[in-house]
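Text of the file entry_1.tsv, holding TSV, C-alpha atoms:
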chain	number	residue	atom	x	y	z
A	598	MET	CA	7.39	-46.45	25.38
A	599	THR	CA	10.36	-45.49	23.20
A	600	PHE	CA	11.18	-42.12	21.67
A	601	SER	CA	14.06	-40.90	19.56
A	602	TYR	CA	15.91	-38.27	21.53
A	603	TYR	CA	17.78	-35.17	20.34
A	604	PRO	CA	19.97	-33.79	23.16
A	605	GLY	CA	21.77	-30.99	21.28
A	606	CYS	CA	25.30	-29.63	21.70
A	607	THR	CA	24.98	-27.78	25.00
A	608	LEU	CA	23.46	-30.77	26.80
A	609	LYS	CA	26.72	-32.60	26.05
A	610	THR	CA	28.88	-29.87	27.56
A	611	LYS	CA	27.73	-27.04	29.85
A	612	ALA	CA	24.23	-28.35	30.51
A	613	LYS	CA	24.98	-32.01	31.24
A	614	GLU	CA	22.72	-31.92	34.28
A	615	LEU	CA	19.70	-30.90	32.16
A	616	ASP	CA	20.28	-34.06	30.12
A	617	GLY	CA	21.34	-36.41	32.93
A	618	TYR	CA	18.36	-35.70	35.20
A	619	ALA	CA	16.03	-36.00	32.20
A	620	ARG	CA	17.35	-39.44	31.29
A	621	ARG	CA	17.17	-40.78	34.84
A	622	SER	CA	13.67	-39.40	35.33
A	623	ALA	CA	12.45	-40.82	32.02
A	624	GLU	CA	13.72	-44.23	33.05
A	625	ALA	CA	11.91	-43.95	36.37
A	626	LEU	CA	8.74	-43.11	34.44
A	627	GLY	CA	9.05	-46.08	32.11
A	628	ILE	CA	10.11	-44.07	29.06
A	629	THR	CA	13.06	-45.07	26.87
A	630	LEU	CA	14.93	-42.17	25.28
A	631	ASP	CA	16.93	-43.49	22.35
A	632	GLU	CA	19.53	-40.87	21.40
A	633	LEU	CA	19.76	-40.31	17.64
A	634	ALA	CA	23.05	-41.79	16.46
A	635	ASP	CA	23.97	-39.06	14.01
A	636	TRP	CA	22.47	-35.83	15.30
A	637	GLN	CA	24.13	-32.53	14.47
A	638	CYS	CA	23.88	-29.12	16.16
A	639	CYS	CA	20.61	-27.34	15.33
A	640	GLY	CA	22.40	-23.98	15.04
A	641	GLY	CA	20.79	-22.55	18.16
A	642	VAL	CA	18.41	-20.16	16.42
A	643	TYR	CA	15.95	-20.59	13.59
A	644	THR	CA	16.45	-18.40	10.56
A	645	THR	CA	13.15	-17.13	9.20
A	646	ALA	CA	14.62	-16.09	5.82
A	647	LYS	CA	13.07	-18.05	2.94
A	648	ASP	CA	16.41	-18.46	1.15
A	649	GLU	CA	18.28	-19.94	4.12
A	650	ILE	CA	18.23	-23.67	3.44
A	651	ALA	CA	21.62	-25.06	4.48
A	652	THR	CA	21.24	-23.77	8.06
A	653	LYS	CA	18.11	-25.90	8.45
A	654	LEU	CA	19.47	-29.17	7.11
A	655	SER	CA	20.70	-30.53	10.44
A	656	SER	CA	17.12	-30.36	11.67
A	657	VAL	CA	15.87	-32.05	8.49
A	658	ARG	CA	18.39	-34.85	9.08
A	659	ALA	CA	17.28	-35.27	12.70
A	660	LEU	CA	13.64	-35.49	11.62
A	661	MET	CA	14.55	-37.98	8.90
A	662	SER	CA	16.56	-40.18	11.29
A	663	ALA	CA	13.69	-40.34	13.77
A	664	LYS	CA	11.32	-41.25	10.94
A	665	LYS	CA	13.62	-44.11	9.94
A	666	GLU	CA	13.59	-45.32	13.55
A	667	GLY	CA	9.80	-45.12	13.46
A	668	ASN	CA	9.68	-42.91	16.55
A	669	ALA	CA	8.42	-39.52	17.59
A	670	LEU	CA	11.32	-37.20	18.40
A	671	VAL	CA	11.76	-35.84	21.92
A	672	THR	CA	13.74	-32.62	22.43
A	673	LEU	CA	14.76	-30.99	25.70
A	674	CYS	CA	16.68	-27.76	25.07
A	675	SER	CA	14.21	-24.96	24.26
A	676	ALA	CA	16.35	-23.74	21.37
A	677	CYS	CA	16.71	-27.15	19.70
A	678	HIS	CA	12.99	-27.68	20.10
A	679	ASN	CA	12.20	-24.34	18.49
A	680	VAL	CA	14.57	-24.82	15.55
A	681	ILE	CA	13.50	-28.39	14.78
A	682	LYS	CA	9.81	-27.66	15.12
A	683	GLN	CA	9.97	-24.54	12.94
A	684	THR	CA	11.97	-26.46	10.33
A	685	LYS	CA	9.34	-29.19	10.32
A	686	HIS	CA	6.65	-26.56	9.81
A	687	GLU	CA	8.58	-24.95	6.94
A	688	LEU	CA	9.08	-28.30	5.21
A	689	ASP	CA	5.39	-28.94	5.56
A	690	THR	CA	4.22	-25.61	4.20
A	691	ASN	CA	6.92	-24.25	1.84
A	692	ASP	CA	7.34	-26.04	-1.49
A	693	ASP	CA	10.53	-24.16	-2.34
A	694	MET	CA	12.15	-25.15	0.97
A	695	ASN	CA	11.09	-28.74	0.40
A	696	LEU	CA	12.47	-28.80	-3.16
A	697	ARG	CA	15.81	-27.28	-2.20
A	698	ALA	CA	16.24	-29.40	0.93
A	699	SER	CA	15.36	-32.49	-1.13
A	700	ASN	CA	18.04	-31.56	-3.68
A	701	TYR	CA	20.65	-31.21	-0.93
A	702	MET	CA	19.63	-34.43	0.76
A	703	GLY	CA	19.03	-36.58	-2.31
A	704	CYS	CA	15.63	-37.71	-1.05
A	705	ASN	CA	12.14	-36.38	-0.50
A	706	ALA	CA	12.77	-34.06	2.44
A	707	ARG	CA	9.08	-33.56	3.08
A	708	GLU	CA	8.86	-37.08	4.44
A	709	ALA	CA	10.91	-35.80	7.38
A	710	ALA	CA	8.01	-33.55	8.30
A	711	ASP	CA	5.95	-36.65	9.18
A	712	THR	CA	8.00	-37.01	12.36
A	713	GLU	CA	6.18	-35.86	15.43
A	714	VAL	CA	8.32	-33.51	17.54
A	715	ILE	CA	7.53	-33.20	21.22
A	716	HIS	CA	9.31	-31.39	23.97
A	717	TYR	CA	10.17	-33.37	27.12
A	718	LEU	CA	7.57	-31.32	29.02
A	719	GLU	CA	4.93	-32.26	26.47
A	720	MET	CA	5.99	-35.87	26.90
A	721	LEU	CA	5.42	-35.53	30.66
A	722	ARG	CA	2.01	-33.91	30.12
A	723	ASP	CA	0.64	-35.86	27.15
A	724	VAL	CA	2.36	-39.27	27.29
A	725	VAL	CA	3.08	-39.92	30.96
A	726	GLY	CA	0.45	-37.56	32.38
A	727	PHE	CA	0.92	-35.21	35.32
A	728	ASP	CA	-1.45	-37.34	37.44
A	729	LYS	CA	0.77	-40.36	36.89
A	730	ILE	CA	3.86	-38.33	37.80
A	731	LYS	CA	2.15	-37.28	41.01
A	732	GLU	CA	1.69	-40.96	41.89
A	733	LYS	CA	5.37	-41.68	41.21
A	734	VAL	CA	6.67	-38.84	43.36
A	735	VAL	CA	8.49	-40.21	46.42
A	736	ASN	CA	9.89	-36.90	47.60
A	737	PRO	CA	7.21	-34.22	47.13
A	738	LEU	CA	8.68	-30.72	47.08
A	739	THR	CA	6.09	-29.43	49.52
A	740	GLY	CA	6.38	-25.79	50.46
A	741	ARG	CA	8.81	-24.90	47.68
A	742	LYS	CA	7.75	-21.82	45.69
A	743	ILE	CA	8.91	-22.26	42.12
A	744	ALA	CA	8.81	-19.75	39.27
A	745	ALA	CA	8.47	-21.29	35.81
A	746	TYR	CA	10.53	-19.37	33.27
A	747	TYR	CA	9.24	-20.13	29.78
A	748	GLY	CA	11.22	-17.49	27.91
A	749	CYS	CA	10.52	-17.23	24.19
A	750	LEU	CA	11.45	-20.38	22.37
A	751	LEU	CA	9.08	-22.95	23.84
A	752	LEU	CA	6.06	-20.77	23.18
A	753	ARG	CA	6.61	-18.67	20.07
A	754	PRO	CA	5.57	-18.52	17.32
A	755	GLY	CA	2.48	-20.01	18.94
A	756	LYS	CA	0.89	-21.17	15.69
A	757	THR	CA	3.94	-23.29	14.90
A	758	MET	CA	5.04	-24.38	18.36
A	759	GLN	CA	1.54	-25.41	19.56
A	760	PHE	CA	3.10	-25.89	22.99
A	761	ASP	CA	0.66	-24.02	25.18
A	762	ASN	CA	-1.18	-20.70	25.24
A	763	PRO	CA	1.74	-18.40	24.33
A	764	GLU	CA	0.46	-15.54	26.48
A	765	ASN	CA	-0.86	-17.48	29.44
A	766	PRO	CA	0.89	-20.86	29.55
A	767	LYS	CA	0.36	-23.35	32.34
A	768	ILE	CA	2.25	-26.52	31.45
A	769	ILE	CA	5.26	-25.81	33.69
A	770	GLU	CA	3.01	-24.65	36.54
A	771	ASP	CA	1.07	-27.92	36.22
A	772	PHE	CA	4.40	-29.76	36.29
A	773	ILE	CA	5.38	-27.87	39.46
A	774	ARG	CA	2.10	-28.89	41.11
A	775	ALA	CA	2.61	-32.52	40.05
A	776	ILE	CA	5.91	-32.68	41.97
A	777	GLY	CA	4.26	-31.22	45.06
A	778	ALA	CA	5.62	-27.67	44.91
A	779	THR	CA	3.74	-24.38	44.55
A	780	PRO	CA	3.99	-22.44	41.27
A	781	VAL	CA	4.60	-18.70	41.38
A	782	ILE	CA	2.92	-16.78	38.54
A	783	TYR	CA	4.80	-13.60	37.62
A	784	PRO	CA	4.50	-11.16	34.72
A	785	MET	CA	7.87	-11.71	33.01
A	786	ARG	CA	7.70	-15.49	32.72
A	787	ASN	CA	7.33	-15.48	28.93
A	788	GLU	CA	9.59	-12.52	28.11
A	789	CYS	CA	13.10	-12.68	26.65
A	790	CYS	CA	16.30	-13.07	28.73
A	791	GLY	CA	18.34	-11.21	26.11
A	792	GLY	CA	19.43	-14.35	24.31
A	793	TYR	CA	22.54	-14.21	22.14
A	794	ILE	CA	22.97	-10.43	22.42
A	795	THR	CA	25.16	-11.25	25.45
A	796	VAL	CA	28.15	-11.69	23.14
A	797	LYS	CA	27.92	-8.18	21.75
A	798	ASP	CA	26.08	-6.16	24.35
A	799	ALA	CA	26.22	-7.78	27.78
A	800	GLU	CA	24.54	-4.76	29.40
A	801	ALA	CA	21.47	-5.07	27.17
A	802	ALA	CA	21.15	-8.76	28.02
A	803	LYS	CA	21.55	-7.97	31.69
A	804	LYS	CA	18.66	-5.49	31.59
A	805	ASN	CA	16.35	-8.14	30.14
A	806	SER	CA	17.47	-10.89	32.50
A	807	THR	CA	17.30	-8.63	35.55
A	808	ALA	CA	13.70	-7.76	34.72
A	809	VAL	CA	12.90	-11.48	34.66
A	810	HIS	CA	14.55	-12.53	37.93
A	811	GLU	CA	13.37	-9.41	39.77
A	812	SER	CA	9.83	-10.19	38.67
A	813	ALA	CA	10.08	-13.83	39.84
A	814	ALA	CA	11.75	-12.99	43.15
A	815	GLY	CA	9.38	-10.07	43.70
A	816	PHE	CA	6.39	-12.37	43.45
A	817	GLY	CA	7.88	-14.58	46.16
A	818	ALA	CA	9.62	-17.38	44.28
A	819	ASP	CA	12.55	-19.10	45.94
A	820	CYS	CA	13.77	-20.71	42.73
A	821	ILE	CA	13.43	-20.28	38.95
A	822	ILE	CA	13.27	-23.28	36.62
A	823	THR	CA	13.96	-23.35	32.90
A	824	ALA	CA	14.53	-25.73	29.98
A	825	CYS	CA	17.00	-23.42	28.24
A	826	PRO	CA	20.77	-23.32	28.96
A	827	LEU	CA	21.11	-19.80	27.54
A	828	CYS	CA	18.25	-18.43	29.66
A	829	ARG	CA	19.87	-19.98	32.71
A	830	TYR	CA	23.29	-18.56	31.84
A	831	ASN	CA	21.91	-15.06	31.24
A	832	LEU	CA	19.84	-15.01	34.43
A	833	ILE	CA	22.79	-16.16	36.54
A	834	LYS	CA	25.12	-13.64	34.87
A	835	ALA	CA	22.56	-10.96	35.73
A	836	GLU	CA	23.05	-11.91	39.39
A	837	SER	CA	19.70	-13.53	40.04
A	838	PRO	CA	19.09	-13.40	43.82
A	839	ILE	CA	17.40	-16.81	43.66
A	840	PRO	CA	18.78	-20.05	42.17
A	841	VAL	CA	18.10	-20.75	38.48
A	842	ILE	CA	18.05	-24.48	37.74
A	843	TYR	CA	16.78	-26.90	35.14
A	844	PHE	CA	13.28	-28.29	35.58
A	845	THR	CA	14.64	-31.81	35.17
A	846	GLU	CA	16.65	-31.45	38.38
A	847	LEU	CA	13.45	-30.91	40.37
A	848	LEU	CA	11.77	-33.79	38.57
A	849	ALA	CA	14.65	-36.14	39.43
A	850	GLU	CA	14.60	-34.93	43.04
A	851	ALA	CA	10.88	-35.55	43.36
A	852	LEU	CA	11.14	-38.99	41.76
A	853	GLY	CA	14.00	-39.89	44.09
A	854	VAL	CA	16.56	-40.43	41.31
A	855	LYS	CA	18.69	-37.31	41.75
Y	1481	MET	CA	14.66	4.42	-2.67
Y	1482	ASN	CA	16.36	1.17	-3.54
Y	1483	ASN	CA	13.90	-1.07	-5.38
Y	1484	ASN	CA	16.28	-4.00	-5.91
Y	1485	LEU	CA	17.03	-4.22	-2.21
Y	1486	LYS	CA	13.36	-3.75	-1.35
Y	1487	GLU	CA	12.43	-6.65	-3.59
Y	1488	GLU	CA	15.15	-8.82	-2.02
Y	1489	ILE	CA	13.99	-8.04	1.52
Y	1490	ILE	CA	10.35	-8.72	0.69
Y	1491	ARG	CA	11.22	-11.98	-1.03
Y	1492	THR	CA	13.57	-13.35	1.64
Y	1493	SER	CA	11.33	-12.31	4.54
Y	1494	GLY	CA	8.08	-13.46	2.96
Y	1495	VAL	CA	6.42	-10.46	4.63
Y	1496	ASN	CA	3.64	-8.36	3.11
Y	1497	VAL	CA	4.49	-4.91	4.48
Y	1498	LEU	CA	1.23	-3.48	3.13
Y	1499	LYS	CA	-0.73	-5.38	5.78
Y	1500	CYS	CA	0.75	-3.14	8.49
Y	1501	MET	CA	-1.75	-0.68	10.01
Y	1502	ARG	CA	0.92	1.17	12.02
Y	1503	CYS	CA	-0.47	0.39	15.45
Y	1504	GLY	CA	3.05	0.12	16.90
Y	1505	LYS	CA	2.29	-2.94	19.00
Y	1506	CYS	CA	5.43	-4.67	17.69
Y	1507	SER	CA	7.59	-1.85	19.00
Y	1508	GLY	CA	5.62	-1.66	22.23
Y	1509	THR	CA	6.33	-5.31	22.98
Y	1510	CYS	CA	9.94	-5.40	21.72
Y	1511	PRO	CA	12.40	-6.19	24.55
Y	1512	SER	CA	15.12	-4.29	22.66
Y	1513	TYR	CA	13.04	-1.17	22.03
Y	1514	GLY	CA	15.28	1.01	24.19
Y	1515	GLU	CA	18.40	-0.15	22.37
Y	1516	MET	CA	17.18	0.62	18.87
Y	1517	GLU	CA	17.59	3.59	16.56
Y	1518	TYR	CA	14.86	2.24	14.29
Y	1519	HIS	CA	12.09	0.23	15.95
Y	1520	PRO	CA	10.20	-2.76	14.54
Y	1521	HIS	CA	7.26	-0.73	13.16
Y	1522	GLN	CA	9.75	1.60	11.48
Y	1523	PHE	CA	11.50	-1.35	9.83
Y	1524	VAL	CA	8.19	-2.32	8.23
Y	1525	TYR	CA	7.42	1.24	7.11
Y	1526	MET	CA	10.94	1.92	5.83
Y	1527	VAL	CA	11.01	-1.28	3.79
Y	1528	GLU	CA	7.70	-0.24	2.25
Y	1529	LYS	CA	9.29	3.10	1.34
Y	1530	GLY	CA	12.45	1.40	0.03
Y	1531	GLU	CA	14.70	3.00	2.64
Y	1532	ILE	CA	16.74	-0.16	3.06
Y	1533	ASP	CA	20.23	1.35	3.08
Y	1534	LYS	CA	19.52	3.33	6.24
Y	1535	LEU	CA	18.36	0.16	7.97
Y	1536	MET	CA	21.34	-1.89	6.78
Y	1537	ASP	CA	23.73	0.70	8.15
Y	1538	SER	CA	21.98	0.97	11.52
Y	1539	PRO	CA	23.13	-0.98	14.62
Y	1540	SER	CA	19.41	-1.66	15.19
Y	1541	ILE	CA	19.63	-4.76	12.98
Y	1542	TYR	CA	21.84	-6.42	15.60
Y	1543	LYS	CA	19.52	-5.59	18.52
Y	1544	CYS	CA	16.71	-7.96	17.53
Y	1545	LEU	CA	16.75	-10.96	19.91
Y	1546	SER	CA	14.66	-13.27	17.69
Y	1547	CYS	CA	12.27	-13.65	20.63
Y	1548	PHE	CA	9.25	-13.69	18.26
Y	1549	ALA	CA	7.28	-11.37	20.58
Y	1550	CYS	CA	6.38	-9.05	17.66
Y	1551	VAL	CA	5.58	-12.05	15.48
Y	1552	GLU	CA	3.21	-13.40	18.12
Y	1553	ARG	CA	1.55	-10.13	19.02
Y	1554	CYS	CA	1.09	-8.37	15.67
Y	1555	PRO	CA	-2.69	-8.09	15.21
Y	1556	ARG	CA	-2.28	-8.11	11.42
Y	1557	GLY	CA	0.13	-11.04	11.10
Y	1558	VAL	CA	2.84	-8.84	9.53
Y	1559	GLU	CA	5.60	-10.54	11.57
Y	1560	PRO	CA	8.12	-7.66	11.71
Y	1561	ALA	CA	11.00	-9.84	13.04
Y	1562	LYS	CA	11.14	-11.52	9.64
Y	1563	ILE	CA	11.81	-8.12	8.05
Y	1564	VAL	CA	14.56	-7.37	10.58
Y	1565	GLU	CA	16.09	-10.78	9.88
Y	1566	ALA	CA	16.04	-10.24	6.12
Y	1567	VAL	CA	17.67	-6.80	6.40
Y	1568	ARG	CA	20.33	-8.12	8.77
Y	1569	LEU	CA	21.09	-11.00	6.42
Y	1570	ALA	CA	21.39	-8.59	3.50
Y	1571	ALA	CA	23.93	-6.66	5.58
Y	1572	THR	CA	25.97	-9.61	6.87
Y	1573	ARG	CA	26.06	-11.24	3.43
Y	1574	ARG	CA	27.95	-8.23	2.05
Y	1575	GLN	CA	31.69	-8.59	1.75
Y	1576	GLY	CA	33.16	-7.55	5.11
Y	1577	GLY	CA	29.67	-7.46	6.61
Y	1578	ASN	CA	30.29	-9.81	9.53
Y	1579	HIS	CA	29.28	-8.38	12.90
Y	1580	LEU	CA	31.13	-11.05	14.91
Y	1581	THR	CA	34.44	-12.78	14.29
Y	1582	ALA	CA	36.01	-15.87	15.84
Y	1583	GLU	CA	38.86	-13.72	17.16
Y	1584	GLU	CA	36.46	-11.93	19.51
Y	1585	ILE	CA	35.32	-15.13	21.19
Y	1586	PRO	CA	38.18	-15.73	23.69
Y	1587	CYS	CA	37.45	-12.36	25.31
Y	1588	ILE	CA	33.74	-13.14	25.56
Y	1589	VAL	CA	33.63	-16.67	26.96
Y	1590	ASP	CA	33.87	-17.69	30.60
Y	1591	ASP	CA	33.78	-21.11	32.25
Y	1592	ASP	CA	30.00	-21.33	32.03
Y	1593	THR	CA	29.35	-19.97	28.50
Y	1594	PRO	CA	27.01	-22.44	26.81
Y	1595	GLY	CA	27.84	-23.53	23.27
Y	1596	GLN	CA	24.28	-22.56	22.43
Y	1597	LEU	CA	25.20	-18.90	22.95
Y	1598	LEU	CA	28.09	-18.99	20.52
Y	1599	VAL	CA	26.39	-20.92	17.72
Y	1600	SER	CA	23.34	-18.65	18.01
Y	1601	ALA	CA	25.43	-15.49	17.87
Y	1602	PHE	CA	27.36	-16.74	14.83
Y	1603	ARG	CA	24.12	-17.63	13.07
Y	1604	LYS	CA	22.81	-14.12	13.60
Y	1605	TYR	CA	25.92	-12.00	13.25
Y	1606	LYS	CA	28.17	-13.73	10.73
Y	1607	LYS	CA	27.97	-15.20	7.25

Let's see the structure in the file written out as structure tokens.
Amino acid sequence: MTFSYYPGCTLKTKAKELDGYARRSAEALGITLDELADWQCCGGVYTTAKDEIATKLSSVRALMSAKKEGNALVTLCSACHNVIKQTKHELDTNDDMNLRASNYMGCNAREAADTEVIHYLEMLRDVVGFDKIKEKVVNPLTGRKIAAYYGCLLLRPGKTMQFDNPENPKIIEDFIRAIGATPVIYPMRNECCGGYITVKDAEAAKKNSTAVHESAAGFGADCIITACPLCRYNLIKAESPIPVIYFTELLAEALGVK
Amino acid sequence: MNNNLKEEIIRTSGVNVLKCMRCGKCSGTCPSYGEMEYHPHQFVYMVEKGEIDKLMDSPSIYKCLSCFACVERCPRGVEPAKIVEAVRLAATRRQGGNHLTAEEIPCIVDDDTPGQLLVSAFRKYKK
């Protein structure tokens, strides 16, 4: 099965391993990820203001390109996924946004909202299936205690993201079970790492990130996994006592393609 | 009371501040609560009262992490983060209103800084 794929800027630079392990694993699972030829940076954060149109156009273009390819669009970075999915929702529901984006683009922008946007984890759950992944595992991570760190962007706003229950998600825990490891449930798994405030107030970010890794380590995890390069950066900067890695690394390890 | 600014904030945020029942759940769940002079529920109340200038001049507008916790957990669907965003945009769109400049970046980055961090910060702090 073939999907259009939007890697995003950070997966081409500081988070190459998030991307590389994802591609190799997809191949092992019989999925073709066809990188969009002309993707542009999503901007990292979605702007909720009704009169911010230009900042959303790169997402509109990505949606439009995938539509032209006739594919659903797979994202991997939590931030890209959030921005593109919220932009799709806005195009779908806000006539003014649609009109102004259409004027910029010289086409009917709303058509872009037809493109289905799924996160790589949703692809694993809904397209491949966790049972199927379990069958393909050659190196089960038995005995490993893994904390899933959802953060904010995969889950919220829940009505738009439709990813999982935003207050009690289980998709990453189910993924952890599928690769043979044991998920560790801890209270801070869907709270914020501090995000971009790091550039202006590193201490504030550190407080948030410390609360997250202390919670995970305190509940007995020996590793934290994430889909977000900024979450990973903030947790490591906050001196996480346990490793913080991308979920795709564990997937590749379990599938024997690391 | 600044009615022009109030109208701008309400229009750009798309928020109906009158739906707020002042339960304070947004502030209770805000990860930046301890960093703020004005908290999310106060943003909603102060916009209703037209006290926009105070908010625009407060460092609180740069403390919101856009984590959508208040948006998710507001029992009335007020979505306070959208108000904070609209006030911050009104402030950064003013001449000289940028909260982050490119010149600051070399002192902030290290070998591991993800591009995602910088583009996000510029989106939120600079126009």

Contact residues around Y:Thr1581 with only C-alpha atoms at 10 Å, ignoring same-chain residues under 6 positions, as a ChimeraX atom specification
/Y:1602,1605-1607

Please return as a VMD selection string every residue within 12 Å of (21.2, -9.0, 2.8), taking into account all atoms listed in the file and the file's own coordinates.
(chain A and resid 646 648 to 649) or (chain Y and resid 1484 to 1493 1532 to 1533 1535 to 1537 1541 1563 to 1575 1577 to 1578 1605 to 1607)

Check every residue of chain Y for an atom within 6 Å of chain A, counting all atoms listed in the file, and provide those that qualify as a ChimeraX atom specification.
/Y:1492-1493,1547-1548,1552,1562,1594-1597,1599-1601

Would you please work out which residue, of A:Asp692, A:Glu846, A:Met598, A:Trp636, is nearest to A:Asp616 when using all atoms listed in the file?
A:Glu846

Contacts of Y:Tyr1518 within 12 Å, only C-alpha atoms, excl. fewer than 6 positions in-chain, as a VMD selection string
chain Y and resid 1507 1510 1512 1524 to 1527 1531 to 1532 1534 to 1544 1564

Nearest residue to A:Arg786 out of A:Lys855, A:His810, A:Arg697, A:Lys664, using only C-alpha atoms?
A:His810

Grab the atom CA of A:Ile773 to atom CA of A:Ala745 distance for me, in Å with one decimal place.
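Between atom CA of A:Ile773 and atom CA of A:Ala745 the gap works out to 8.1 Å.
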
Atom pair atom CA of A:Ala835 + atom CA of A:Leu615, distance 20.5 Å

Taking (33.4, -13.6, 24.4) in the file's coordinates as the center, which residues reach within 9 Å of it, counting only C-alpha atoms, put as a PyMOL selection string?
(chain A and resi 795-797) or (chain Y and resi 1584-1590+1593+1598)

Point-to-point distance from atom CA of A:Val714 to atom CA of A:Phe600, Å rounded to tenths:
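For atom CA of A:Val714 relative to atom CA of A:Phe600, the distance reads 10.0 Å.
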
Per-axis box centre and lengths in Å around stretch 1547-1556 of chain Y, 3 Å margin per side, axis-aligned, as JSON:
{"center_x": 4.8, "center_y": -10.9, "center_z": 16.0, "size_x": 21.0, "size_y": 11.6, "size_z": 15.2}

Shortest interatomic distance to Y:Cys1550 - which of Y:Arg1502, Y:His1521, Y:Lys1604, Y:His1579, counting all atoms listed in the file
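So, comparing all the options, the nearest one is Y:His1521.
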
Pick out the closest residue to Y:Met1516 from this set: Y:Leu1580, Y:Arg1553, Y:Leu1545, Y:Val1558. Count all atoms listed in the file.
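Selected residue with least distance to Y:Met1516: Y:Leu1545.
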